[in-house]
Amino acid sequence: MGVGGGWRGPDQSLGGLPRTFGLQNRNTGGDGPQKPLDRVLLRRVLTCLSPYKTLWVGIFACLGATAALGVVPPLLVRGILDDAIPKHQPTLLFGLVGGIIGVNLVMGLLGVLQSFLSAQVGEGLLYDLRNRLFLRLQQMSLSYYTTTRAGEIVARVSSDVGAVQGVATGTVISIANNLLTVIATIVVIFGMNPRLALLALVVVPGLYLPTKLVGKLRRKLSAEAQETQADLLAFVQERLHVGGMLLTQLYGQAPADASAFEKLTQRVKALNLKQTLAGRWLFMSLSVFSVAGPALIYLFGGIEALNNRLTLGSIIAIVAYLANLYRPLANLANVYVDIQAALAIFERIFSLLDHDPEIADAPGAKTLTQTRGEVRFESVGFSYPNAATPALSELSFTIAPGERVALVGPSGAGKTTITYLLPRFFDPTEGKITLDGLDLREITLESLRARIGMVTQETFLFHASVKQNLLYARPDATEEQLTAAAKSAHIHDFLAALPDGYDTIVGERAFRLSGGERQRLSIARALLKNPELLILDEATSSLDATSESLIQEALETLLQNRTALIIAHRLSTIRTCDKIVVLEHGHVVEVGPHEALLAKNGLYAELYQKQFRPVSTN
Ligand code: ADP
């Protein structure tokens with residue numbers, strides 16, 4: 001299932017059991033051997049949490065106070081049963097009952113305060129990590145985006161970071177809370193009656209082991225369910241989508257897809273049912289053992305009471321403490337794995353934060369405030385990551401200042417790749433490219449890219465207004481500059497006639513604009529930027545004659561007084577170029593003006609016959 005891997009569904013309960021954040025992580029899920037805790041990683045996680053020291057102190061104070069207060073109510077109950085009632089002391093009775101209510105009220109208030117503080121830590125961490133991740137992702141080179149599934153990036157920024165928030169506060173707080181409660185309870189019951197306290201602890205293994213086993217099983221099932229759920233979501237995403245639906249309907253694959261979908265849902269159903277059952281076993285074993293504890297206390301405590309060695313109130317109090325003991329112990333049964341899972345999520349985020357961008361400013365890189373526009377490719381070789389053969393090799397040619405150079409060649413010859421190297425979306429793997437004699441790698445990325453404009457075949461527009469899309473190229477442009485650019489690109493009249501004019505929202509894929517309109521918008525955007533160097537990938541799709549001539553005129557305005565590198569598909573464009581670089585398999589085969597190349601009767605002449613001559617639009 002192609003895109004399935006990275007997609008992770010929202011936090012939800014599966015099979016009626018809420019998933020904890022730890023269990024959600026399928027990279028650590030399953031029942032594999034437990035690896036030792038990575039101390040370096042743990043220290044780094046703690047560093048992430050350290051800016052919230054004051055809040056943590058508050059949280060732990062709340063937890064400590066709650067655990068201490070938690071042991072008070074059974075003592076008050078004992079007072080009622082052993083003193084207030086037998087000794088007929090109504091004032092004491094009122095006092096003790098009031099005490100029970102008061103203690104619970106204070107504990108409730110402390111709980112609210114603790115939730116408030118931990119939410120602050122969680123949200124703060126979420127905010128920090130999300131912003132750090134976004135900044136880092138912005139610096140990633142284009143190759144990162146061509147090799148990483150979009151769903152995975154979304155998952156990193158949304159669900160992983162979101163999970164970290166819960167893990168950081170949830171896991172830490174739950175561990176501290178359970179530990180403190182267990183310690184406080186054990187101290188008190190040992191103080192009351194050591195023998196009964198030991199008896200209470202006898203059943204702990206019986207409680208602990210099934211919890212651990214079922215936890216393990218549940219984790220395995222949860223990991224599988226997570227995977228299947230991800231496949232299901234990816235399937236829905238891919239099929240129930242304009243492009244996917246078009247293919248499904250065109251190739252009559254609806255029944256096949258429906259049965260594939262049914263298989264996936266069947267798997268989800270089976271796994272969910274299994275998970276629910278695993279949960280039931282857990283509850284059953286818990287209830288059996290939580291009954292066994294009190295039963296033992298009643299029995300042996302009763303014998304003690306018969307011998308006058310224990311009061312009734314003490315028996316009741318110890319039984320009440322058992323809940324305070326068993327519940328947190330069960331919660332702690334899988335704590336180690338939960339910590340591992342939590343760390344794994346942090347690890348994934350850290351690995352992304354540590355990912356050094358391949359394309360970055362070299363130390364001492366120069367800022368280019370303007371350029372003459374002299375570009376030299378010197379024995380340039382380039383291979384895409386993981387590609388078997390190089391896309392470009394031994395490639396040399398020059399673009400003189402103000403020159404218009406056309407790149408021509410069969411599909412796959414390397415034309416687009418060349419245009420990617422100029423703004424340093426990729427760096428050459430061999431040789432170098434210079435601008436005004438400077439290696440591109442010696443120029444700051446920002447100042448290099450500021451000199452370059454790009455009009456590509458596919459116009460990408462953000463889901464925003466026309467105006468915002470245009471301003472993306474130059475945020476400080478005035479209203480006049482905006483209109484002037486749109487007028488030069490022959491798109492102003494169209495934009496002005498839209499329902500909201502320049503404020504009309506264009507969809508992400510600009511469905512409401514025709515191909516020609518999108519191209520002219522893209523030309524207007526480039527005009528606003530006003531770069532000295534222009535890269536133009538001419539659209540291959542043919543447009544109607546009016547659109548075509550509007551675009552040609554707009555392009556002519558854009559190309560004026562600029563150095564340009566053009567992937568040309570039209571004879572009319574090629575004719576206006578000073579020089580044509582003919583490419584094949586990443587090599588330069590011929591260079592020269594149109595007439596001279598035709599006279600050579602080589603690859604260009606052949607391409608000209610096939611591609612350009614019959615109709616001027618392709
Ligand atoms: P053109 O624009 O001339 O059609 P390209 O520059 O797009 O050619 O492609 C040149 C070669 O590089 C082709 O063989 C293509 O398959 C390969 N290629 C293009 N993009 C990638 C990529 N992201 N990863 C691996 N190979 C690529």
# chains A, B, ... in the order shown; residues from 1 in each chain; ligands from 1
call {"tool": "closest_atom_pairs", "arguments": {"of": "chain A", "to": "ligand 1", "cutoff": "12 Å", "atoms": "only C-alpha atoms and all ligand atoms", "output": "CSV"}}
result
residue,atom,partner,partner_atom_place_in_ligand_line,distance
A:Ser141,CA,ligand 1,23 (N),11.9
A:Leu142,CA,ligand 1,23 (N),8.9
A:Ser143,CA,ligand 1,23 (N),6.9
A:Tyr144,CA,ligand 1,23 (N),9.7
A:Tyr145,CA,ligand 1,23 (N),9.2
A:Thr146,CA,ligand 1,23 (N),5.7
A:Thr147,CA,ligand 1,23 (N),7.5
A:Thr148,CA,ligand 1,23 (N),10.8
A:Gly381,CA,ligand 1,12 (O),11.7
A:Phe382,CA,ligand 1,12 (O),9.0
A:Ser383,CA,ligand 1,26 (N),7.5
A:Tyr384,CA,ligand 1,25 (C),4.7
A:Pro385,CA,ligand 1,24 (N),6.5
A:Asn386,CA,ligand 1,25 (C),7.0
A:Ala387,CA,ligand 1,25 (C),5.2
A:Ala388,CA,ligand 1,26 (N),8.4
A:Thr389,CA,ligand 1,14 (O),7.8
A:Pro390,CA,ligand 1,12 (O),7.3
A:Ala391,CA,ligand 1,12 (O),4.4
A:Leu392,CA,ligand 1,10 (C),7.4
A:Ser393,CA,ligand 1,10 (C),10.9
A:Leu407,CA,ligand 1,3 (O),8.5
A:Val408,CA,ligand 1,3 (O),7.9
A:Gly409,CA,ligand 1,3 (O),6.3
A:Pro410,CA,ligand 1,3 (O),6.2
A:Ser411,CA,ligand 1,4 (O),3.7
A:Gly412,CA,ligand 1,8 (O),3.4
A:Ala413,CA,ligand 1,3 (O),3.8
A:Gly414,CA,ligand 1,6 (O),3.2
A:Lys415,CA,ligand 1,3 (O),3.7
A:Thr416,CA,ligand 1,2 (O),3.6
A:Thr417,CA,ligand 1,6 (O),3.7
A:Ile418,CA,ligand 1,6 (O),6.5
A:Thr419,CA,ligand 1,6 (O),8.1
A:Tyr420,CA,ligand 1,6 (O),8.4
A:Leu421,CA,ligand 1,6 (O),10.2
A:Phe425,CA,ligand 1,23 (N),11.2
A:Phe426,CA,ligand 1,23 (N),10.2
A:Thr456,CA,ligand 1,2 (O),11.3
A:Gln457,CA,ligand 1,2 (O),11.0
A:Leu536,CA,ligand 1,2 (O),11.9
A:Asp537,CA,ligand 1,2 (O),9.0
A:Glu538,CA,ligand 1,2 (O),11.1
A:Ala539,CA,ligand 1,2 (O),12.0
A:Thr540,CA,ligand 1,4 (O),11.5
A:Ile566,CA,ligand 1,2 (O),11.2
A:Ile567,CA,ligand 1,2 (O),8.0
A:Ala568,CA,ligand 1,2 (O),10.6
A:His569,CA,ligand 1,2 (O),11.3
A:Val581,CA,ligand 1,3 (O),11.8
A:Val582,CA,ligand 1,3 (O),10.3
A:Leu583,CA,ligand 1,3 (O),7.8
A:Glu584,CA,ligand 1,3 (O),8.1
A:His585,CA,ligand 1,14 (O),7.4
A:Gly586,CA,ligand 1,10 (C),6.9
A:His587,CA,ligand 1,10 (C),10.6
A:Val588,CA,ligand 1,3 (O),11.7
call {"tool": "write_last_selection", "arguments": {"atoms": "C-alpha atoms", "output": "PDB file, in the first residue's frame"}}
result
ATOM      1  CA  SER A 141      16.752  20.151   0.178  1.00  0.00           C
ATOM      2  CA  LEU A 142      14.396  19.257  -2.601  1.00  0.00           C
ATOM      3  CA  SER A 143      15.813  15.732  -2.702  1.00  0.00           C
ATOM      4  CA  TYR A 144      14.423  15.158   0.786  1.00  0.00           C
ATOM      5  CA  TYR A 145      10.966  15.951  -0.520  1.00  0.00           C
ATOM      6  CA  THR A 146      11.377  13.818  -3.622  1.00  0.00           C
ATOM      7  CA  THR A 147      12.398  10.820  -1.547  1.00  0.00           C
ATOM      8  CA  THR A 148      10.045  11.204   1.423  1.00  0.00           C
ATOM      9  CA  GLY A 381      27.846  15.713 -13.608  1.00  0.00           C
ATOM     10  CA  PHE A 382      24.796  14.919 -11.524  1.00  0.00           C
ATOM     11  CA  SER A 383      23.153  11.777 -10.192  1.00  0.00           C
ATOM     12  CA  TYR A 384      19.877  11.693  -8.333  1.00  0.00           C
ATOM     13  CA  PRO A 385      20.078   9.960  -4.976  1.00  0.00           C
ATOM     14  CA  ASN A 386      19.699   6.187  -5.484  1.00  0.00           C
ATOM     15  CA  ALA A 387      19.578   6.528  -9.283  1.00  0.00           C
ATOM     16  CA  ALA A 388      21.397   3.841 -11.254  1.00  0.00           C
ATOM     17  CA  THR A 389      22.713   6.118 -13.972  1.00  0.00           C
ATOM     18  CA  PRO A 390      23.765   9.758 -13.818  1.00  0.00           C
ATOM     19  CA  ALA A 391      21.181  12.239 -15.094  1.00  0.00           C
ATOM     20  CA  LEU A 392      23.926  14.574 -16.359  1.00  0.00           C
ATOM     21  CA  SER A 393      27.566  13.979 -17.173  1.00  0.00           C
ATOM     22  CA  LEU A 407      17.492  23.563 -23.943  1.00  0.00           C
ATOM     23  CA  VAL A 408      16.239  21.042 -26.442  1.00  0.00           C
ATOM     24  CA  GLY A 409      16.332  17.276 -26.335  1.00  0.00           C
ATOM     25  CA  PRO A 410      14.258  14.143 -26.084  1.00  0.00           C
ATOM     26  CA  SER A 411      12.311  13.472 -22.913  1.00  0.00           C
ATOM     27  CA  GLY A 412      14.579  12.324 -20.088  1.00  0.00           C
ATOM     28  CA  ALA A 413      17.632  14.044 -21.615  1.00  0.00           C
ATOM     29  CA  GLY A 414      18.183  16.087 -18.443  1.00  0.00           C
ATOM     30  CA  LYS A 415      16.648  19.464 -19.291  1.00  0.00           C
ATOM     31  CA  THR A 416      14.617  19.819 -16.091  1.00  0.00           C
ATOM     32  CA  THR A 417      17.547  18.602 -14.020  1.00  0.00           C
ATOM     33  CA  ILE A 418      19.721  21.402 -15.425  1.00  0.00           C
ATOM     34  CA  THR A 419      17.138  23.985 -14.406  1.00  0.00           C
ATOM     35  CA  TYR A 420      17.122  22.536 -10.858  1.00  0.00           C
ATOM     36  CA  LEU A 421      20.875  22.936 -10.504  1.00  0.00           C
ATOM     37  CA  PHE A 425      17.740  22.736  -5.514  1.00  0.00           C
ATOM     38  CA  PHE A 426      20.451  20.143  -6.043  1.00  0.00           C
ATOM     39  CA  THR A 456       7.470  26.095 -14.715  1.00  0.00           C
ATOM     40  CA  GLN A 457       4.994  24.008 -16.698  1.00  0.00           C
ATOM     41  CA  LEU A 536      11.413  29.046 -18.176  1.00  0.00           C
ATOM     42  CA  ASP A 537       9.953  25.599 -18.705  1.00  0.00           C
ATOM     43  CA  GLU A 538       7.585  26.173 -21.532  1.00  0.00           C
ATOM     44  CA  ALA A 539       4.254  24.388 -21.242  1.00  0.00           C
ATOM     45  CA  THR A 540       3.861  21.482 -23.621  1.00  0.00           C
ATOM     46  CA  ILE A 566      14.450  28.039 -21.584  1.00  0.00           C
ATOM     47  CA  ILE A 567      13.213  24.491 -21.951  1.00  0.00           C
ATOM     48  CA  ALA A 568      11.639  25.147 -25.292  1.00  0.00           C
ATOM     49  CA  HIS A 569       8.793  23.234 -26.837  1.00  0.00           C
ATOM     50  CA  VAL A 581      21.907  23.513 -26.362  1.00  0.00           C
ATOM     51  CA  VAL A 582      20.889  20.106 -27.651  1.00  0.00           C
ATOM     52  CA  LEU A 583      20.963  17.345 -25.055  1.00  0.00           C
ATOM     53  CA  GLU A 584      20.790  13.593 -25.124  1.00  0.00           C
ATOM     54  CA  HIS A 585      21.244  11.195 -22.174  1.00  0.00           C
ATOM     55  CA  GLY A 586      22.582  14.004 -19.990  1.00  0.00           C
ATOM     56  CA  HIS A 587      25.248  15.048 -22.503  1.00  0.00           C
ATOM     57  CA  VAL A 588      25.508  18.130 -24.666  1.00  0.00           C
TER      58      VAL A 588
END
call {"tool": "closest_residue", "arguments": {"among": "A:Asp427, A:Leu395, A:Pro205, A:Arg239", "to": "Val591 (chain A)", "atoms": "only C-alpha atoms"}}
result
A:Leu395
call {"tool": "closest_residue", "arguments": {"among": "A:Leu312, A:Val172, A:Met140, A:Arg449", "to": "His355 (chain A)", "atoms": "only C-alpha atoms"}}
result
A:Met140
call {"tool": "closest_atom_pairs", "arguments": {"of": "region 286-385 of chain A", "to": "region 67-72 of chain A", "cutoff": "10 Å", "atoms": "only C-alpha atoms", "output": "Markdown table"}}
result
| residue | atom | partner | partner_atom | distance |
| --- | --- | --- | --- | --- |
| A:Ala317 | CA | A:Val71 | CA | 9.5 |
| A:Ala320 | CA | A:Val71 | CA | 9.4 |
| A:Tyr321 | CA | A:Val71 | CA | 7.5 |
| A:Asn324 | CA | A:Gly70 | CA | 8.1 |
call {"tool": "residues_around", "arguments": {"residues": "Ala554 (chain A)", "least_positions_apart": "6", "cutoff": "10 Å", "atoms": "only C-alpha atoms", "output": "list in words"}}
result
Ala485, Ala486, Lys487, Ser488, Ala489, His490, Ile491, Gln519, Arg520, Ile523, Ala524, Leu527 and Glu548 of chain A
call {"tool": "select_by_dssp", "arguments": {"residues": "region 282-431 of chain A", "states": "helix (DSSP H, G or I)", "output": "JSON, numbers by chain"}}
result
{"A": [282, 283, 284, 285, 286, 287, 288, 289, 290, 291, 292, 293, 294, 295, 296, 297, 298, 299, 300, 301, 302, 303, 304, 305, 306, 312, 313, 314, 315, 316, 317, 318, 319, 320, 321, 322, 323, 324, 325, 326, 327, 328, 329, 330, 331, 332, 335, 336, 337, 338, 339, 340, 341, 342, 343, 344, 345, 346, 347, 348, 349, 350, 351, 352, 353, 415, 416, 417, 418, 419, 420, 421]}
